[in-house]
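Asker: Got a structure for you, query-v7.csv, holding CSV, C-alpha atoms.
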chain,number,residue,atom,x,y,z
A,22,ASN,CA,-23.4,4.2,-59.5
A,23,PRO,CA,-22.0,6.1,-56.6
A,24,ASN,CA,-20.5,4.2,-53.7
A,25,ASN,CA,-22.5,3.7,-50.5
A,26,THR,CA,-22.2,6.3,-47.7
A,27,ILE,CA,-23.3,6.3,-44.0
A,28,ALA,CA,-23.0,8.9,-41.4
A,29,ALA,CA,-20.5,8.4,-38.5
A,30,GLY,CA,-21.8,6.3,-35.6
A,31,VAL,CA,-23.1,8.0,-32.5
A,32,ASN,CA,-22.4,7.0,-28.9
A,33,ARG,CA,-25.2,6.7,-26.3
A,34,THR,CA,-25.2,6.3,-22.5
A,35,THR,CA,-28.2,5.2,-20.7
A,36,CYS,CA,-29.4,3.1,-17.7
A,37,ILE,CA,-30.6,-0.4,-17.8
A,38,ASN,CA,-34.3,-0.7,-18.6
A,39,THR,CA,-34.3,2.9,-19.8
A,40,PRO,CA,-34.9,3.6,-23.5
A,41,ILE,CA,-31.9,5.0,-25.4
A,42,THR,CA,-32.2,8.2,-27.3
A,43,ASN,CA,-32.7,7.0,-30.9
A,44,ILE,CA,-29.6,7.0,-33.1
A,45,SER,CA,-30.4,8.1,-36.7
A,46,LEU,CA,-27.7,7.8,-39.4
A,47,ALA,CA,-28.2,9.0,-42.9
A,48,THR,CA,-27.2,6.7,-45.8
A,49,THR,CA,-26.9,6.8,-49.6
A,50,GLY,CA,-26.7,4.1,-52.2
A,51,ALA,CA,-27.5,1.1,-50.0
A,52,THR,CA,-30.7,-0.8,-49.9
A,53,GLY,CA,-30.5,-2.2,-46.4
A,54,ALA,CA,-28.2,-2.7,-43.3
A,55,THR,CA,-27.2,-5.3,-40.8
A,56,PHE,CA,-26.4,-4.7,-37.2
A,57,SER,CA,-24.0,-6.3,-34.7
A,58,GLY,CA,-23.0,-5.6,-31.1
A,59,LEU,CA,-26.2,-4.1,-29.9
A,60,PRO,CA,-27.3,-4.8,-26.3
A,61,ALA,CA,-30.4,-7.0,-25.7
A,62,GLY,CA,-33.5,-4.9,-26.1
A,63,VAL,CA,-32.0,-2.6,-28.7
A,64,THR,CA,-32.5,-3.1,-32.4
A,65,GLY,CA,-31.6,-1.5,-35.7
A,66,SER,CA,-33.6,-0.9,-38.9
A,67,TRP,CA,-33.0,0.8,-42.3
A,68,SER,CA,-35.7,2.6,-44.2
A,69,ALA,CA,-35.7,5.4,-46.8
A,70,ASN,CA,-31.9,6.0,-46.6
A,71,THR,CA,-31.9,6.2,-42.8
A,72,VAL,CA,-30.5,3.8,-40.2
A,73,THR,CA,-32.4,3.9,-36.9
A,74,ILE,CA,-31.2,2.3,-33.6
A,75,SER,CA,-33.7,2.3,-30.8
A,76,GLY,CA,-35.0,0.3,-27.9
A,77,THR,CA,-34.6,-0.3,-24.2
A,78,PRO,CA,-31.5,-2.2,-23.1
A,79,THR,CA,-32.2,-5.0,-20.6
A,80,VAL,CA,-28.6,-5.8,-19.8
A,81,SER,CA,-25.8,-3.5,-18.6
A,82,GLY,CA,-22.3,-3.1,-20.0
A,83,THR,CA,-20.4,-1.4,-22.8
A,84,PHE,CA,-21.5,-2.5,-26.3
A,85,ASN,CA,-19.6,-1.6,-29.4
A,86,TYR,CA,-22.0,-1.8,-32.3
A,87,THR,CA,-21.4,-1.9,-36.1
A,88,VAL,CA,-23.8,-1.0,-38.8
A,89,THR,CA,-22.9,-2.6,-42.2
A,90,MET,CA,-24.6,-1.4,-45.4
A,91,THR,CA,-26.1,-3.9,-47.8
A,92,GLY,CA,-26.8,-3.5,-51.5
A,93,GLY,CA,-25.5,-0.7,-53.7
A,94,CYS,CA,-21.8,-0.2,-54.3
A,95,THR,CA,-19.7,-1.0,-51.3
A,96,GLY,CA,-16.5,0.7,-52.3
A,97,GLY,CA,-17.3,3.8,-50.2
A,98,THR,CA,-18.0,4.2,-46.5
A,99,ASN,CA,-19.9,1.1,-45.9
A,100,THR,CA,-19.9,0.7,-42.1
A,101,ALA,CA,-20.5,2.9,-39.0
A,102,THR,CA,-19.5,2.1,-35.5
A,103,GLY,CA,-20.3,3.5,-32.1
A,104,THR,CA,-20.7,2.6,-28.4
A,105,ILE,CA,-23.8,2.2,-26.3
A,106,THR,CA,-23.0,2.2,-22.6
A,107,VAL,CA,-25.6,0.8,-20.3
A,108,ASN,CA,-25.2,1.6,-16.6
A,109,THR,CA,-26.7,-0.5,-13.8
A,110,ASN,CA,-29.3,1.1,-11.5
A,111,PRO,CA,-28.2,1.6,-7.9
A,112,THR,CA,-29.7,-0.5,-5.0
A,113,ALA,CA,-32.8,0.9,-3.3
A,114,PRO,CA,-32.3,2.1,0.3
A,115,THR,CA,-34.1,0.2,3.1
A,116,ALA,CA,-36.4,1.7,5.7
A,117,GLY,CA,-35.1,3.2,8.9
A,118,THR,CA,-36.9,4.2,12.1
A,119,HIS,CA,-39.2,7.2,11.7
A,120,THR,CA,-40.0,9.7,14.4
A,121,PRO,CA,-43.6,11.0,14.2
A,122,SER,CA,-45.2,13.8,16.2
A,123,GLN,CA,-48.6,15.4,15.8
A,124,ASN,CA,-47.7,17.6,12.8
A,125,GLN,CA,-44.6,16.2,11.3
A,126,ILE,CA,-42.7,12.9,10.5
A,127,VAL,CA,-38.9,12.6,10.5
A,128,TRP,CA,-38.4,9.9,7.8
A,129,ASN,CA,-35.2,7.8,7.9
A,130,TRP,CA,-33.7,5.3,5.5
A,131,SER,CA,-30.4,3.4,5.1
A,132,ALA,CA,-27.4,4.7,3.3
A,133,VAL,CA,-26.5,3.0,0.0
A,134,SER,CA,-22.8,2.8,-0.8
A,135,GLY,CA,-21.5,4.5,-3.9
A,136,VAL,CA,-24.6,6.5,-4.9
A,137,SER,CA,-24.7,10.2,-5.7
A,138,GLY,CA,-27.7,10.9,-3.4
A,139,TYR,CA,-31.4,10.4,-2.8
A,140,LYS,CA,-34.7,11.8,-4.0
A,141,TYR,CA,-38.1,11.7,-2.3
A,142,ASN,CA,-41.7,12.2,-3.3
A,143,THR,CA,-45.1,11.8,-1.8
A,144,THR,CA,-46.2,10.1,-5.0
A,145,ASN,CA,-44.5,7.3,-6.9
A,146,ASN,CA,-43.0,9.6,-9.5
A,147,TYR,CA,-39.3,10.0,-9.8
A,148,ALA,CA,-39.5,12.7,-12.5
A,149,THR,CA,-41.0,15.1,-9.9
A,150,ALA,CA,-39.1,13.9,-6.9
A,151,THR,CA,-37.1,16.4,-4.7
A,152,ASP,CA,-33.4,15.9,-4.4
A,153,ASN,CA,-32.3,15.3,-0.7
A,154,GLY,CA,-28.6,15.3,-1.4
A,155,VAL,CA,-26.7,12.6,0.5
A,156,SER,CA,-28.8,13.0,3.6
A,157,THR,CA,-30.7,9.8,4.7
A,158,ALA,CA,-33.4,11.7,6.6
A,159,PHE,CA,-36.2,14.1,5.7
A,160,THR,CA,-38.6,16.0,7.9
A,161,GLN,CA,-42.0,16.3,6.5
A,162,MET,CA,-43.9,19.1,8.2
A,163,GLY,CA,-47.4,20.6,8.2
A,164,LEU,CA,-49.1,17.3,8.6
A,165,THR,CA,-52.4,16.5,10.4
A,166,CYS,CA,-52.4,14.6,13.7
A,167,GLY,CA,-53.7,11.0,13.7
A,168,ASN,CA,-53.2,10.5,9.9
A,169,THR,CA,-51.1,8.0,7.9
A,170,TYR,CA,-48.6,9.2,5.3
A,171,THR,CA,-46.5,7.6,2.5
A,172,LEU,CA,-43.1,8.7,1.2
A,173,TYR,CA,-41.2,7.3,-1.8
A,174,VAL,CA,-37.4,7.4,-1.8
A,175,TRP,CA,-34.9,6.6,-4.5
A,176,SER,CA,-31.2,6.4,-4.6
A,177,TYR,CA,-29.5,7.7,-7.7
A,178,SER,CA,-26.2,7.8,-9.5
A,179,GLY,CA,-26.0,10.2,-12.4
A,180,SER,CA,-29.2,9.6,-14.4
A,181,CYS,CA,-29.7,6.1,-13.1
A,182,TYR,CA,-32.0,5.5,-10.1
A,183,SER,CA,-33.2,2.6,-8.0
A,184,ALA,CA,-36.6,1.1,-7.6
A,185,PRO,CA,-38.7,3.2,-5.1
A,186,LEU,CA,-38.6,2.5,-1.4
A,187,GLN,CA,-42.1,3.0,-0.1
A,188,LEU,CA,-42.2,4.3,3.5
A,189,THR,CA,-45.4,4.5,5.6
A,190,ALA,CA,-45.9,6.2,9.0
A,191,SER,CA,-48.6,7.8,11.1
A,192,THR,CA,-48.6,11.1,13.0
A,193,THR,CA,-49.3,10.8,16.7
A,194,SER,CA,-52.9,11.2,18.0
A,195,CYS,CA,-54.3,14.6,18.2
A,196,CYS,CA,-53.7,16.2,21.5
A,197,VAL,CA,-55.2,19.3,23.1
A,198,ALA,CA,-53.1,21.2,25.7
A,199,ALA,CA,-54.6,21.7,29.1
A,200,THR,CA,-56.6,24.9,29.9
A,201,ILE,CA,-58.5,25.8,33.0
A,202,ASP,CA,-62.0,26.8,32.3
A,203,THR,CA,-63.2,27.5,35.8
A,204,GLN,CA,-60.8,28.4,38.6
A,205,PRO,CA,-61.3,27.0,42.1
A,206,THR,CA,-63.1,29.1,44.7
A,207,ALA,CA,-62.4,29.3,48.4
A,208,PRO,CA,-64.7,27.0,50.4
A,209,ALA,CA,-66.5,28.2,53.5
A,210,ALA,CA,-64.5,28.0,56.7
A,211,THR,CA,-65.1,25.1,59.1
A,212,CYS,CA,-64.3,24.4,62.7
A,213,GLU,CA,-61.4,22.1,63.4
A,214,GLY,CA,-62.3,18.5,63.2
A,215,THR,CA,-65.8,19.0,61.9
A,216,GLY,CA,-67.5,19.4,58.5
A,217,SER,CA,-65.9,19.3,55.1
A,218,GLN,CA,-64.5,21.6,52.5
A,219,THR,CA,-64.6,21.0,48.8
A,220,ILE,CA,-62.4,22.6,46.1
A,221,SER,CA,-63.0,22.0,42.4
A,222,VAL,CA,-61.6,23.0,39.1
A,223,SER,CA,-63.0,22.7,35.6
A,224,ALA,CA,-60.4,22.1,32.8
A,225,THR,CA,-60.2,20.8,29.2
A,226,GLY,CA,-57.4,18.9,27.4
A,227,SER,CA,-56.2,15.5,26.3
A,228,GLY,CA,-55.5,13.0,29.1
A,229,LEU,CA,-55.8,15.4,31.9
A,230,THR,CA,-54.1,14.9,35.3
A,231,PHE,CA,-54.6,16.9,38.5
A,232,VAL,CA,-52.1,17.5,41.3
A,233,TRP,CA,-53.5,19.5,44.2
A,234,ARG,CA,-51.0,21.3,46.4
A,235,LYS,CA,-51.0,23.0,49.8
A,236,ASN,CA,-48.6,25.9,50.1
A,237,GLY,CA,-46.9,24.7,46.9
A,238,VAL,CA,-46.4,21.1,48.1
A,239,PRO,CA,-48.5,18.2,46.7
A,240,VAL,CA,-51.0,16.7,49.2
A,241,SER,CA,-51.6,13.0,49.6
A,242,ASN,CA,-54.9,11.2,50.1
A,243,ASN,CA,-55.4,10.2,53.8
A,244,SER,CA,-58.2,10.2,56.4
A,245,VAL,CA,-58.8,13.9,55.8
A,246,VAL,CA,-57.8,14.5,52.2
A,247,SER,CA,-59.5,12.7,49.3
A,248,GLY,CA,-59.7,13.4,45.6
A,249,GLN,CA,-56.0,14.0,44.9
A,250,GLY,CA,-55.5,13.2,41.2
A,251,THR,CA,-59.1,14.3,40.3
A,252,ALA,CA,-60.8,17.6,39.5
A,253,THR,CA,-62.2,17.8,43.0
A,254,LEU,CA,-60.4,17.8,46.4
A,255,VAL,CA,-62.3,17.2,49.6
A,256,LEU,CA,-61.1,17.9,53.1
A,257,THR,CA,-63.2,15.9,55.7
A,258,ALA,CA,-63.1,17.0,59.3
A,259,PRO,CA,-59.9,18.9,58.7
A,260,LEU,CA,-57.5,19.9,61.4
A,261,ALA,CA,-56.0,23.4,61.8
A,262,THR,CA,-52.8,22.1,60.2
A,263,ASP,CA,-54.8,21.4,57.1
A,264,GLY,CA,-55.5,25.0,56.5
A,265,GLY,CA,-53.4,27.0,54.0
A,266,SER,CA,-53.2,28.1,50.4
A,267,TYR,CA,-54.4,25.4,47.9
A,268,ASP,CA,-54.0,25.3,44.1
A,269,VAL,CA,-53.9,22.6,41.5
A,270,VAL,CA,-51.6,21.9,38.5
A,271,VAL,CA,-53.5,20.6,35.5
A,272,SER,CA,-51.5,18.8,32.8
A,273,ALA,CA,-52.4,17.2,29.5
A,274,SER,CA,-50.6,14.5,27.5
A,275,CYS,CA,-49.0,17.3,25.5
A,276,GLY,CA,-47.9,20.8,26.3
A,277,ALA,CA,-47.0,22.4,29.6
A,278,GLY,CA,-49.1,22.1,32.7
A,279,VAL,CA,-51.1,25.0,33.9
A,280,THR,CA,-51.5,26.1,37.6
A,281,SER,CA,-54.8,27.4,38.9
A,282,SER,CA,-55.2,30.4,41.1
A,283,SER,CA,-54.8,29.7,44.8
A,284,VAL,CA,-57.6,29.6,47.3
A,285,ALA,CA,-57.4,29.9,51.1
A,286,VAL,CA,-58.7,27.0,53.2
A,287,THR,CA,-59.6,28.3,56.6
A,288,ILE,CA,-59.9,26.0,59.6
A,289,ASN,CA,-61.1,27.7,62.8
A,290,SER,CA,-59.8,26.3,66.0
A,291,ALA,CA,-62.3,24.8,68.4
A,292,PRO,CA,-63.1,27.0,71.4
A,293,ALA,CA,-61.2,26.1,74.5
A,294,ILE,CA,-63.2,25.5,77.7
A,295,THR,CA,-61.5,27.0,80.7
Using the file provided, produce a representation of the structure as structure tokens.
Answerer:
Amino acid sequence: NPNNTIAAGVNRTTCINTPITNISLATTGATGATFSGLPAGVTGSWSANTVTISGTPTVSGTFNYTVTMTGGCTGGTNTATGTITVNTNPTAPTAGTHTPSQNQIVWNWSAVSGVSGYKYNTTNNYATATDNGVSTAFTQMGLTCGNTYTLYVWSYSGSCYSAPLQLTASTTSCCVAATIDTQPTAPAATCEGTGSQTISVSATGSGLTFVWRKNGVPVSNNSVVSGQGTATLVLTAPLATDGGSYDVVVSASCGAGVTSSSVAVTINSAPAIT
């Protein structure tokens, strides 16, 4: 009978808890095989003149394995050797401080020493994750205000990657910038120290504030002026010095403030008796 033969051993490199690519070695003559040096989680088998080594290593390290043929004539090539290298997975990053706005979130996470880089995905799927290089920040744009979003981040070294870091943040509340719908109109003139004059504005926006001004300078509520900070300003028994050009700056909790058109407040002096 011819002596046993077995193909040369094959080396494999993988990550812990990741299946190795099967090792298949053709044999002749033998009726079985024994295996030594395999990492935990990896096993060998012989069937129909083929040795197969497969499995998922659960420990890391360098493992020099030996396959020894059994049965048949052992005078030929009766053993095959190889190496299975199992690398550890890197440590997962930890969450940083995120910066949300209405339509985007700037995600941040900690740096992990010794890794090649980071990948992110909006689903827990490393296979379709996007490589972020060595940057520990990612700006997710095109979001909807007032919603909650999730991002998964992995650190990686070569083909090995960490457990996912799950990040959660919410965009800021929806905000409508200020617009003036109806401009103020000039009130009817009054005589000094009598009557009242009312100026109003109609506006829309989120969290509106109103600053009424006379000749470009904000006015203050007093015995004549009331309604500063609201949509309606009232001058009660105004004096001649209260006359002038009035406008209002309307601001929302987002965006720039808008200034109304100005209106003239006319105070006629009381007639003098001579």
Asker: Just to confirm, what's the straight-line distance from CA of Val284 in chain A to CA of Glu213 in chain A in Å (one decimal)?
Answerer: 18.2 Å
Asker: If you count only C-alpha atoms, which residues fall within 6 Å of Thr95 in chain A, apart from same-chain ones fewer than 2 positions away, as a compact mmCIF listing (two decimals) with C-alpha atoms, in the coordinates of the input?
Answerer:
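Below is the file that was written, part-v9.txt:
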# COMPACT_ATOMS: atom_id res chain seq x y z
CA ASN A 24 -20.50 4.20 -53.70
CA ASN A 25 -22.50 3.70 -50.50
CA GLY A 97 -17.30 3.80 -50.20
CA ASN A 99 -19.90 1.10 -45.90
Asker: Can you list, as a ChimeraX atom specification, every protein, DNA or RNA residue that comes within 8 Å of range 145-160 of chain A when you count only C-alpha atoms, leaving out same-chain residues fewer than 2 positions away?
Answerer: /A:125-132,137-143,162,173,175,185
Asker: If we draw a sphere of 8 Å around (-67.4, 19.9, 46.9), which residues have at least one atom in it when counting all atoms listed in the file? Please report them as a PyMOL selection string.
Answerer: chain A and resi 218-221+253-255
Asker: Could you check how far CA of Asn38 in chain A sits from CA of Thr83 in chain A, in Å to one decimal?
Answerer: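 Rounded to one decimal, the two atoms are 14.5 Å apart.
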Asker: How far is it from CA of Val80 in chain A to CA of Pro40 in chain A, in Å with one decimal?
Answerer: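 Spanning CA of Val80 in chain A to CA of Pro40 in chain A is a straight-line distance of 11.9 Å.
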Asker: So, counting all atoms listed in the file, which residue among A:Gly276, A:Gly214, A:Gly135, A:Gly65 is closest to Gly53 in chain A?
Answerer: A:Gly65
Asker: Around the point (-56.8, 19.4, 41.5) in the file's coordinates, collect all residues with an atom within 7 Å, using only C-alpha atoms, and return them as a PyMOL selection string.
Answerer: chain A and resi 221-222+231-233+249-254+269-271
Asker: Which residue is closest to Ser180 in chain A? Choose from A:Ser266, A:Thr120, A:Thr26, A:Thr39 and count all atoms listed in the file.
Answerer: A:Thr39
Asker: Have a look at A:Leu188, A:Ala291, A:Arg33, A:Gly248 and name the one nearest to Ala261 in chain A; count all atoms listed in the file.
Answerer: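 Of A:Leu188, A:Ala291, A:Arg33, A:Gly248, the one nearest Ala261 in chain A, counting all atoms listed in the file, is A:Ala291.
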Asker: Which is closest to Leu46 in chain A among A:Gly30, A:Gly163, A:Pro205, A:Gly103, if we use all atoms listed in the file?
Answerer: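 Selected residue with least distance to Leu46 in chain A: A:Gly30.
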Asker: Need the shell around Thr109 in chain A: protein/DNA/RNA residues with any atom at most 12 Å away, counting all atoms listed in the file. Skip same-chain ones fewer than 3 positions apart. Format as a short mmCIF file (atom, residue, chain, number, x, y, z; two decimals) with C-alpha atoms, in the coordinates of the input?
Answerer:
data_model
loop_
_atom_site.label_atom_id
_atom_site.label_comp_id
_atom_site.auth_asym_id
_atom_site.auth_seq_id
_atom_site.Cartn_x
_atom_site.Cartn_y
_atom_site.Cartn_z
CA THR A 34 -25.20 6.30 -22.50
CA THR A 35 -28.20 5.20 -20.70
CA CYS A 36 -29.40 3.10 -17.70
CA ILE A 37 -30.60 -0.40 -17.80
CA ASN A 38 -34.30 -0.70 -18.60
CA THR A 39 -34.30 2.90 -19.80
CA PRO A 78 -31.50 -2.20 -23.10
CA THR A 79 -32.20 -5.00 -20.60
CA VAL A 80 -28.60 -5.80 -19.80
CA SER A 81 -25.80 -3.50 -18.60
CA GLY A 82 -22.30 -3.10 -20.00
CA THR A 83 -20.40 -1.40 -22.80
CA THR A 106 -23.00 2.20 -22.60
CA THR A 112 -29.70 -0.50 -5.00
CA VAL A 136 -24.60 6.50 -4.90
CA TYR A 177 -29.50 7.70 -7.70
CA SER A 178 -26.20 7.80 -9.50
CA GLY A 179 -26.00 10.20 -12.40
CA SER A 180 -29.20 9.60 -14.40
CA CYS A 181 -29.70 6.10 -13.10
CA TYR A 182 -32.00 5.50 -10.10
CA SER A 183 -33.20 2.60 -8.00
CA ALA A 184 -36.60 1.10 -7.60
#
Asker: From the options A:Val174, A:Val286, A:Leu164, A:Cys212, which residue's atoms come nearest to Thr192 in chain A, counting all atoms listed in the file?
Answerer: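 Of A:Val174, A:Val286, A:Leu164, A:Cys212, the one nearest Thr192 in chain A, counting all atoms listed in the file, is A:Leu164.
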Asker: Got a sec: who's within 6 Å of Asp268 in chain A, counting all atoms listed in the file, leaving out chain neighbours fewer than 3 positions off, as a short mmCIF file (atom, residue, chain, number, x, y, z; two decimals) with C-alpha atoms, in the frame of the given file?
Answerer:
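For reference, out17.cif as written:
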data_model
loop_
_atom_site.label_atom_id
_atom_site.label_comp_id
_atom_site.auth_asym_id
_atom_site.auth_seq_id
_atom_site.Cartn_x
_atom_site.Cartn_y
_atom_site.Cartn_z
CA TRP A 233 -53.50 19.50 44.20
CA ARG A 234 -51.00 21.30 46.40
CA SER A 281 -54.80 27.40 38.90
CA SER A 283 -54.80 29.70 44.80
#
Asker: Using the atoms already present, construct N, CA, C and O atoms for range 56-70 of chain A and hand them back as an mmCIF file, keeping the file's coordinate frame.
Answerer:
data_model
loop_
_atom_site.group_PDB
_atom_site.id
_atom_site.type_symbol
_atom_site.label_atom_id
_atom_site.label_comp_id
_atom_site.auth_asym_id
_atom_site.auth_seq_id
_atom_site.Cartn_x
_atom_site.Cartn_y
_atom_site.Cartn_z
ATOM 1 N N PHE A 56 -26.801 -5.263 -38.464
ATOM 2 C CA PHE A 56 -26.400 -4.700 -37.200
ATOM 3 C C PHE A 56 -25.748 -5.752 -36.321
ATOM 4 O O PHE A 56 -26.233 -6.888 -36.256
ATOM 5 N N SER A 57 -24.684 -5.391 -35.633
ATOM 6 C CA SER A 57 -24.000 -6.300 -34.700
ATOM 7 C C SER A 57 -23.596 -5.529 -33.463
ATOM 8 O O SER A 57 -23.340 -4.329 -33.538
ATOM 9 N N GLY A 58 -23.497 -6.250 -32.339
ATOM 10 C CA GLY A 58 -23.000 -5.600 -31.100
ATOM 11 C C GLY A 58 -23.963 -4.855 -30.294
ATOM 12 O O GLY A 58 -23.574 -4.241 -29.291
ATOM 13 N N LEU A 59 -25.229 -4.844 -30.673
ATOM 14 C CA LEU A 59 -26.200 -4.100 -29.900
ATOM 15 C C LEU A 59 -26.601 -4.836 -28.644
ATOM 16 O O LEU A 59 -26.667 -6.067 -28.632
ATOM 17 N N PRO A 60 -26.879 -4.115 -27.540
ATOM 18 C CA PRO A 60 -27.300 -4.800 -26.300
ATOM 19 C C PRO A 60 -28.720 -5.378 -26.497
ATOM 20 O O PRO A 60 -29.499 -4.911 -27.328
ATOM 21 N N ALA A 61 -29.022 -6.408 -25.709
ATOM 22 C CA ALA A 61 -30.400 -7.000 -25.700
ATOM 23 C C ALA A 61 -31.392 -5.905 -25.450
ATOM 24 O O ALA A 61 -31.214 -5.060 -24.563
ATOM 25 N N GLY A 62 -32.463 -5.927 -26.226
ATOM 26 C CA GLY A 62 -33.500 -4.900 -26.100
ATOM 27 C C GLY A 62 -33.393 -3.765 -27.023
ATOM 28 O O GLY A 62 -34.310 -2.941 -27.124
ATOM 29 N N VAL A 63 -32.239 -3.662 -27.716
ATOM 30 C CA VAL A 63 -32.000 -2.600 -28.700
ATOM 31 C C VAL A 63 -31.879 -3.187 -30.063
ATOM 32 O O VAL A 63 -31.167 -4.182 -30.251
ATOM 33 N N THR A 64 -32.566 -2.604 -31.018
ATOM 34 C CA THR A 64 -32.500 -3.100 -32.400
ATOM 35 C C THR A 64 -32.249 -2.022 -33.381
ATOM 36 O O THR A 64 -32.358 -0.834 -33.059
ATOM 37 N N GLY A 65 -31.889 -2.428 -34.602
ATOM 38 C CA GLY A 65 -31.600 -1.500 -35.700
ATOM 39 C C GLY A 65 -32.515 -1.757 -36.881
ATOM 40 O O GLY A 65 -32.949 -2.890 -37.100
ATOM 41 N N SER A 66 -32.778 -0.705 -37.654
ATOM 42 C CA SER A 66 -33.600 -0.900 -38.900
ATOM 43 C C SER A 66 -33.073 0.136 -39.910
ATOM 44 O O SER A 66 -32.421 1.139 -39.574
ATOM 45 N N TRP A 67 -33.342 -0.169 -41.170
ATOM 46 C CA TRP A 67 -33.000 0.800 -42.300
ATOM 47 C C TRP A 67 -34.259 1.003 -43.077
ATOM 48 O O TRP A 67 -35.004 0.081 -43.419
ATOM 49 N N SER A 68 -34.519 2.267 -43.390
ATOM 50 C CA SER A 68 -35.700 2.600 -44.200
ATOM 51 C C SER A 68 -35.442 4.006 -44.801
ATOM 52 O O SER A 68 -35.016 4.927 -44.068
ATOM 53 N N ALA A 69 -35.722 4.144 -46.076
ATOM 54 C CA ALA A 69 -35.700 5.400 -46.800
ATOM 55 C C ALA A 69 -34.355 6.161 -46.492
ATOM 56 O O ALA A 69 -34.321 7.332 -46.099
ATOM 57 N N ASN A 70 -33.244 5.416 -46.711
ATOM 58 C CA ASN A 70 -31.900 6.000 -46.600
ATOM 59 C C ASN A 70 -31.573 6.470 -45.158
ATOM 60 O O ASN A 70 -30.749 7.363 -44.975
#
